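*Asks:* Submitted below is the structure of interest, expressed as structure tokens.
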Amino acid sequence: MTKYKITVIPGDGIGPEVTESACEVLKAVGRKSGHSFAYTEVAAGGAAIDSCGMPLPKETLRLAKESDAVLLGAVGGPKWDNLPGDARPEAALLGLRKGLGLFANLRLAVLFPELRDASPLRPDLVKDGVDILIVRELTGGIYFGKRGREKKVEKLEDGTPKGVEAFDVECYCEAEIERILRVGYNSAMQRNKHLTVVDKANILETSRLWRSVTEKISKEYPEVETDFMYVDNASMQLVRCPKQFDVIVTSNMFGDILSDEAGMITGSIGMLPSASLGVPGTPGMYEPVHGSAPDIAGKGIANPLATILSAAMMLRYSLGLPREGAKVEQAVSEVLAKGFRTADIVENRGDSFLGTKEITEKVIDEYEKL
């Protein structure tokens with residue numbers, strides 16, 4: 001029997017509700033597998049701002065580094081919207097990613113057959129299902145580049161003074177690109193062996209570096225079909241023919257945008273898990289793609305399935321328990337196949353649905369049957 005240390009960051013809004021559900025499912029995994037999970041709950045995001053005046057306390061980061069994995073609910077909300085950028089709840093995410101060395105974000109966009117009617121795309125576009133893995137570089141690029149504002153004395157062509165100018169710099173080095181590509185290629189080898197690098201190489205020098213590094217690394221994976229696509233075309237192709245994609249590897253900003261678009265194709269952002277990984281042996285961070293949804297916080301109707309599926313990814317990637325992770329995913333699929341739904345995925349407004357705790361119990365019941 002192995003005991004795993006999990007740092008739990010409930011966060012804001014519905015975060016505490018959905019992380020509680022995931023922990024309950026993990027307890028069921030422990031009962032059946034003989035393993036155990038020790039949870040340490042810490043604060044980050046808006047909750048940490050309210051309790052200690054900063055989005056990411058040092059103690060939170062320290063405990064996260066000492067754990068086997070981190071389970072995060074959600075951070076943010078309108079309550080903290082007027083704070084400066086480095087003091088907002090979202091700064092905790094950047095701090096955790098940087099502090100834990102989480103350079104690879106894996107976002108699965110899977111359309112469950114039972115939820116096909118919930119997709120906003122035409123039925124003929126999703127009749128064969130959707131199963132896309134987006135591998136997003138997480139600690140480089142424009143989000144971590146030099147930024148600022150400065151007063152300009154120059155004028156526009158028509159003589160209008162420029163005034164204040166803001167800038168955000170995108171930088172990538174070969175090593176950053178190479179390591180995220182290897183995550184993508186290794187993932188593609190376990191899937192359908194097709195990898196698409198999304199960039200803007202017709203304009204950006206950083207994208208041209210991405211292409212040259214890809215051409216070098218791709219030779220190590222001859223079984224994987226590699227192609228390139230400009231980000232504007234990729235955004236169109238995701239809604240025109242999502243089935244063409246298997247693994248997408250892309251930069252921090254492009255991945256941020258495309259993963260949300262791909263998520264919407266599945267019908268509900270409340271169904272999408274994610275994993276943020278660093279070098280092997282370091283704790284990964286697992287979180288649902290959805291936000292804190294403060295409008296429904298405390299009502300007991302939040303969809304916990306994305307967080308439960310994130311816990312399944314944790315079992316697979318960080319805890320070395322792929323069989324248990326697969327069983328959790330199967331349990332979720334069985335619950336959906338039997339017609340159980342939360343409020344965000346009911347087919348028609350007014351249909352009956354289960355609350356957060358009720359659907360969690362259904363997942364546990366199905367898991368225990370496997």
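Ordered as shown in the structure tokens, chains take letters A, B, and onward, while each chain numbers its residues from 1 and ligands are numbered from 1 in the order shown.
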Segment 132-139 of chain A: which residues within 6 Å, counting only C-alpha atoms, same-chain residues fewer than 4 positions away excluded, as a PyMOL selection string?
*Replies:* chain A and resi 103-109+246-252+255
*Asks:* Once DSSP has gone over the backbone, tell me which residues of segment 110-216 of chain A are in strand (DSSP E), as a VMD selection string.
*Replies:* chain A and resid 110 131 to 137 147 to 155 161 to 168 194 to 199
*Asks:* Write the residues you've just listed into a file as an mmCIF file, in the first residue's frame, and include N, CA and C atoms for each of them.
*Replies:*
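Saved to part.cif:
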data_model
loop_
_atom_site.group_PDB
_atom_site.id
_atom_site.type_symbol
_atom_site.label_atom_id
_atom_site.label_comp_id
_atom_site.auth_asym_id
_atom_site.auth_seq_id
_atom_site.Cartn_x
_atom_site.Cartn_y
_atom_site.Cartn_z
ATOM 1 N N VAL A 110 -12.679 16.129 -25.088
ATOM 2 C CA VAL A 110 -13.321 14.874 -25.475
ATOM 3 C C VAL A 110 -14.836 15.070 -25.457
ATOM 4 N N ASP A 131 -11.854 13.929 -29.970
ATOM 5 C CA ASP A 131 -10.881 13.535 -28.955
ATOM 6 C C ASP A 131 -9.557 14.216 -29.287
ATOM 7 N N ILE A 132 -9.367 15.399 -28.740
ATOM 8 C CA ILE A 132 -8.195 16.222 -29.043
ATOM 9 C C ILE A 132 -7.409 16.465 -27.760
ATOM 10 N N LEU A 133 -6.109 16.322 -27.837
ATOM 11 C CA LEU A 133 -5.232 16.678 -26.729
ATOM 12 C C LEU A 133 -4.442 17.912 -27.136
ATOM 13 N N ILE A 134 -4.621 18.999 -26.402
ATOM 14 C CA ILE A 134 -3.862 20.224 -26.655
ATOM 15 C C ILE A 134 -2.750 20.318 -25.625
ATOM 16 N N VAL A 135 -1.514 20.344 -26.118
ATOM 17 C CA VAL A 135 -0.332 20.467 -25.266
ATOM 18 C C VAL A 135 0.166 21.907 -25.386
ATOM 19 N N ARG A 136 -0.026 22.651 -24.325
ATOM 20 C CA ARG A 136 0.277 24.089 -24.312
ATOM 21 C C ARG A 136 1.534 24.355 -23.488
ATOM 22 N N GLU A 137 2.480 25.087 -24.077
ATOM 23 C CA GLU A 137 3.652 25.519 -23.321
ATOM 24 C C GLU A 137 3.181 26.510 -22.263
ATOM 25 N N ARG A 147 7.300 43.307 -19.897
ATOM 26 C CA ARG A 147 6.089 44.078 -20.158
ATOM 27 C C ARG A 147 6.166 45.417 -19.449
ATOM 28 N N GLY A 148 5.370 46.347 -19.907
ATOM 29 C CA GLY A 148 5.356 47.650 -19.249
ATOM 30 C C GLY A 148 4.627 48.695 -20.059
ATOM 31 N N ARG A 149 4.705 49.921 -19.574
ATOM 32 C CA ARG A 149 4.120 51.076 -20.264
ATOM 33 C C ARG A 149 5.118 52.227 -20.217
ATOM 34 N N GLU A 150 5.082 53.036 -21.240
ATOM 35 C CA GLU A 150 5.949 54.201 -21.243
ATOM 36 C C GLU A 150 5.314 55.304 -22.077
ATOM 37 N N LYS A 151 5.602 56.550 -21.687
ATOM 38 C CA LYS A 151 5.083 57.716 -22.388
ATOM 39 C C LYS A 151 5.896 57.944 -23.643
ATOM 40 N N LYS A 152 5.229 58.071 -24.776
ATOM 41 C CA LYS A 152 5.905 58.269 -26.046
ATOM 42 C C LYS A 152 5.785 59.720 -26.493
ATOM 43 N N VAL A 153 6.856 60.230 -27.007
ATOM 44 C CA VAL A 153 6.833 61.609 -27.517
ATOM 45 C C VAL A 153 6.534 61.637 -29.012
ATOM 46 N N GLU A 154 6.647 60.482 -29.672
ATOM 47 C CA GLU A 154 6.383 60.420 -31.104
ATOM 48 C C GLU A 154 4.899 60.642 -31.399
ATOM 49 N N LYS A 155 4.627 60.869 -32.673
ATOM 50 C CA LYS A 155 3.253 61.084 -33.117
ATOM 51 C C LYS A 155 2.887 60.083 -34.207
ATOM 52 N N PRO A 161 -0.526 62.814 -31.054
ATOM 53 C CA PRO A 161 0.477 62.301 -30.103
ATOM 54 C C PRO A 161 0.163 60.859 -29.714
ATOM 55 N N LYS A 162 1.177 60.017 -29.627
ATOM 56 C CA LYS A 162 0.970 58.622 -29.268
ATOM 57 C C LYS A 162 0.488 58.441 -27.836
ATOM 58 N N GLY A 163 0.953 59.267 -26.910
ATOM 59 C CA GLY A 163 0.568 59.104 -25.517
ATOM 60 C C GLY A 163 1.264 57.913 -24.892
ATOM 61 N N VAL A 164 0.553 57.195 -24.042
ATOM 62 C CA VAL A 164 1.146 56.037 -23.366
ATOM 63 C C VAL A 164 1.134 54.826 -24.294
ATOM 64 N N GLU A 165 2.261 54.110 -24.327
ATOM 65 C CA GLU A 165 2.384 52.889 -25.117
ATOM 66 C C GLU A 165 2.632 51.712 -24.184
ATOM 67 N N ALA A 166 1.893 50.623 -24.376
ATOM 68 C CA ALA A 166 2.088 49.402 -23.587
ATOM 69 C C ALA A 166 2.751 48.352 -24.459
ATOM 70 N N PHE A 167 3.544 47.483 -23.822
ATOM 71 C CA PHE A 167 4.209 46.434 -24.586
ATOM 72 C C PHE A 167 4.288 45.144 -23.782
ATOM 73 N N ASP A 168 4.193 44.027 -24.494
ATOM 74 C CA ASP A 168 4.367 42.685 -23.950
ATOM 75 C C ASP A 168 5.253 41.933 -24.929
ATOM 76 N N HIS A 194 -0.384 11.491 -34.594
ATOM 77 C CA HIS A 194 -0.525 12.665 -35.468
ATOM 78 C C HIS A 194 -0.354 13.909 -34.612
ATOM 79 N N LEU A 195 0.609 14.745 -34.947
ATOM 80 C CA LEU A 195 0.903 15.946 -34.160
ATOM 81 C C LEU A 195 0.861 17.163 -35.060
ATOM 82 N N THR A 196 0.139 18.197 -34.607
ATOM 83 C CA THR A 196 0.040 19.461 -35.330
ATOM 84 C C THR A 196 0.643 20.576 -34.479
ATOM 85 N N VAL A 197 1.628 21.267 -35.028
ATOM 86 C CA VAL A 197 2.202 22.436 -34.365
ATOM 87 C C VAL A 197 1.464 23.669 -34.874
ATOM 88 N N VAL A 198 0.859 24.405 -33.955
ATOM 89 C CA VAL A 198 0.112 25.610 -34.321
ATOM 90 C C VAL A 198 0.961 26.841 -33.996
ATOM 91 N N ASP A 199 1.133 27.717 -34.990
ATOM 92 C CA ASP A 199 1.997 28.879 -34.816
ATOM 93 C C ASP A 199 1.522 30.036 -35.690
#
*Asks:* To one decimal place in Å, what is the distance between atom CA of Ile265 of chain A and atom CA of Arg341 of chain A?
*Replies:* 17.9 Å
*Asks:* Produce a table with one row for each residue of segment 277-350 of chain A that has an atom at most 10 Å from any atom of segment 2-24 of chain A, each row naming the nearest atom pair and its distance in Å at one decimal; use only C-alpha atoms; arrange rows by chain and rising residue number; format as JSON lines.
*Replies:*
{"residue": "A:Pro283", "atom": "CA", "partner": "A:Ile6", "partner_atom": "CA", "distance": 9.3}
{"residue": "A:Met285", "atom": "CA", "partner": "A:Thr7", "partner_atom": "CA", "distance": 9.2}
{"residue": "A:Tyr286", "atom": "CA", "partner": "A:Val8", "partner_atom": "CA", "distance": 9.8}
{"residue": "A:Glu287", "atom": "CA", "partner": "A:Thr19", "partner_atom": "CA", "distance": 8.9}
{"residue": "A:Pro288", "atom": "CA", "partner": "A:Val18", "partner_atom": "CA", "distance": 9.0}
{"residue": "A:His290", "atom": "CA", "partner": "A:Gly15", "partner_atom": "CA", "distance": 9.7}
{"residue": "A:Gly291", "atom": "CA", "partner": "A:Gly13", "partner_atom": "CA", "distance": 8.3}
{"residue": "A:Ser292", "atom": "CA", "partner": "A:Gly13", "partner_atom": "CA", "distance": 4.5}
{"residue": "A:Ala293", "atom": "CA", "partner": "A:Gly13", "partner_atom": "CA", "distance": 5.8}
{"residue": "A:Pro294", "atom": "CA", "partner": "A:Gly13", "partner_atom": "CA", "distance": 4.5}
{"residue": "A:Asp295", "atom": "CA", "partner": "A:Gly13", "partner_atom": "CA", "distance": 8.0}
{"residue": "A:Ile296", "atom": "CA", "partner": "A:Ile14", "partner_atom": "CA", "distance": 7.2}
{"residue": "A:Ala297", "atom": "CA", "partner": "A:Ile14", "partner_atom": "CA", "distance": 4.7}
{"residue": "A:Gly298", "atom": "CA", "partner": "A:Ile14", "partner_atom": "CA", "distance": 6.9}
{"residue": "A:Lys299", "atom": "CA", "partner": "A:Ile14", "partner_atom": "CA", "distance": 8.9}
{"residue": "A:Gly300", "atom": "CA", "partner": "A:Glu17", "partner_atom": "CA", "distance": 7.6}
{"residue": "A:Ile301", "atom": "CA", "partner": "A:Ile14", "partner_atom": "CA", "distance": 9.2}
{"residue": "A:Ala302", "atom": "CA", "partner": "A:Ile14", "partner_atom": "CA", "distance": 6.6}
{"residue": "A:Asn303", "atom": "CA", "partner": "A:Val18", "partner_atom": "CA", "distance": 7.2}
{"residue": "A:Pro304", "atom": "CA", "partner": "A:Val18", "partner_atom": "CA", "distance": 4.7}
{"residue": "A:Leu305", "atom": "CA", "partner": "A:Val18", "partner_atom": "CA", "distance": 8.0}
{"residue": "A:Ala306", "atom": "CA", "partner": "A:Val18", "partner_atom": "CA", "distance": 8.5}
{"residue": "A:Thr307", "atom": "CA", "partner": "A:Ala22", "partner_atom": "CA", "distance": 6.0}
{"residue": "A:Ile308", "atom": "CA", "partner": "A:Ala22", "partner_atom": "CA", "distance": 4.6}
{"residue": "A:Leu309", "atom": "CA", "partner": "A:Ala22", "partner_atom": "CA", "distance": 8.2}
{"residue": "A:Ser310", "atom": "CA", "partner": "A:Ala22", "partner_atom": "CA", "distance": 8.2}
{"residue": "A:Ala311", "atom": "CA", "partner": "A:Ala22", "partner_atom": "CA", "distance": 6.3}
{"residue": "A:Ala312", "atom": "CA", "partner": "A:Ala22", "partner_atom": "CA", "distance": 9.0}
{"residue": "A:Met314", "atom": "CA", "partner": "A:Ile6", "partner_atom": "CA", "distance": 9.9}
{"residue": "A:Ser318", "atom": "CA", "partner": "A:Tyr4", "partner_atom": "CA", "distance": 10.0}
{"residue": "A:Leu319", "atom": "CA", "partner": "A:Tyr4", "partner_atom": "CA", "distance": 7.5}
*Asks:* Taking C-alpha atoms for each residue, export the selection above as a compact mmCIF listing (two decimals), in the first residue's frame.
*Replies:*
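Written output follows (part.txt):
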# COMPACT_ATOMS: atom_id res chain seq x y z
CA PRO A 283 4.47 17.28 -8.54
CA MET A 285 -1.02 20.29 -10.83
CA TYR A 286 -4.51 19.17 -11.84
CA GLU A 287 -7.51 21.42 -12.32
CA PRO A 288 -10.76 21.72 -14.25
CA HIS A 290 -13.82 25.97 -16.01
CA GLY A 291 -13.63 29.09 -13.86
CA SER A 292 -14.86 29.84 -10.37
CA ALA A 293 -18.50 30.47 -11.42
CA PRO A 294 -19.30 32.69 -8.41
CA ASP A 295 -22.92 33.03 -9.55
CA ILE A 296 -23.64 29.41 -8.60
CA ALA A 297 -21.19 29.01 -5.72
CA GLY A 298 -22.78 27.47 -2.64
CA LYS A 299 -25.91 26.33 -4.48
CA GLY A 300 -24.82 22.70 -4.73
CA ILE A 301 -25.36 22.55 -8.50
CA ALA A 302 -21.79 22.87 -9.83
CA ASN A 303 -20.63 20.16 -12.21
CA PRO A 304 -17.75 18.29 -10.49
CA LEU A 305 -17.01 15.92 -13.39
CA ALA A 306 -14.16 18.01 -14.84
CA THR A 307 -12.43 18.01 -11.47
CA ILE A 308 -13.06 14.28 -11.02
CA LEU A 309 -11.58 13.68 -14.47
CA SER A 310 -8.63 15.89 -13.49
CA ALA A 311 -8.11 13.59 -10.51
CA ALA A 312 -8.11 10.68 -12.96
CA MET A 314 -3.49 12.82 -11.55
CA SER A 318 1.69 11.83 -11.15
CA LEU A 319 0.80 8.85 -8.97
*Asks:* Write out as a list in words all residues of segment 88-165 of chain A that backbone DSSP assigns to alpha helix (DSSP H).
*Replies:* Ala91, Ala92, Leu93, Leu94, Gly95, Leu96, Arg97, Lys98, Gly99, Leu100, Pro123, Asp124, Leu125 and Val126 of chain A
*Asks:* Which is closest to Glu170 of chain A among A:Lys58, A:Arg208, A:Lys127, A:Lys146, if we use only C-alpha atoms?
*Replies:*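 Looking at the shortest contact to Glu170 of chain A, the residue is A:Lys146.
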*Asks:* Show which residues sit within 9 Å of Trp210 of chain A, as a PyMOL selection string. Count only C-alpha atoms, and ignore same-chain residues fewer than 3 positions away.
*Replies:* chain A and resi 172-174+177-178+197+199+201+205-207+213-215+250-251
*Asks:* Select, from A:Gln244, A:Met189, A:Lys98, A:Ala28, the residue with the minimum atom-to-atom distance to Ser276 of chain A, counting only C-alpha atoms.
*Replies:*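 Nearest to Ser276 of chain A: A:Lys98.
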*Asks:* For atom CA of Lys327 of chain A and atom CA of Leu370 of chain A, quote the distance in Å rounded to one decimal.
*Replies:* 7.0 Å
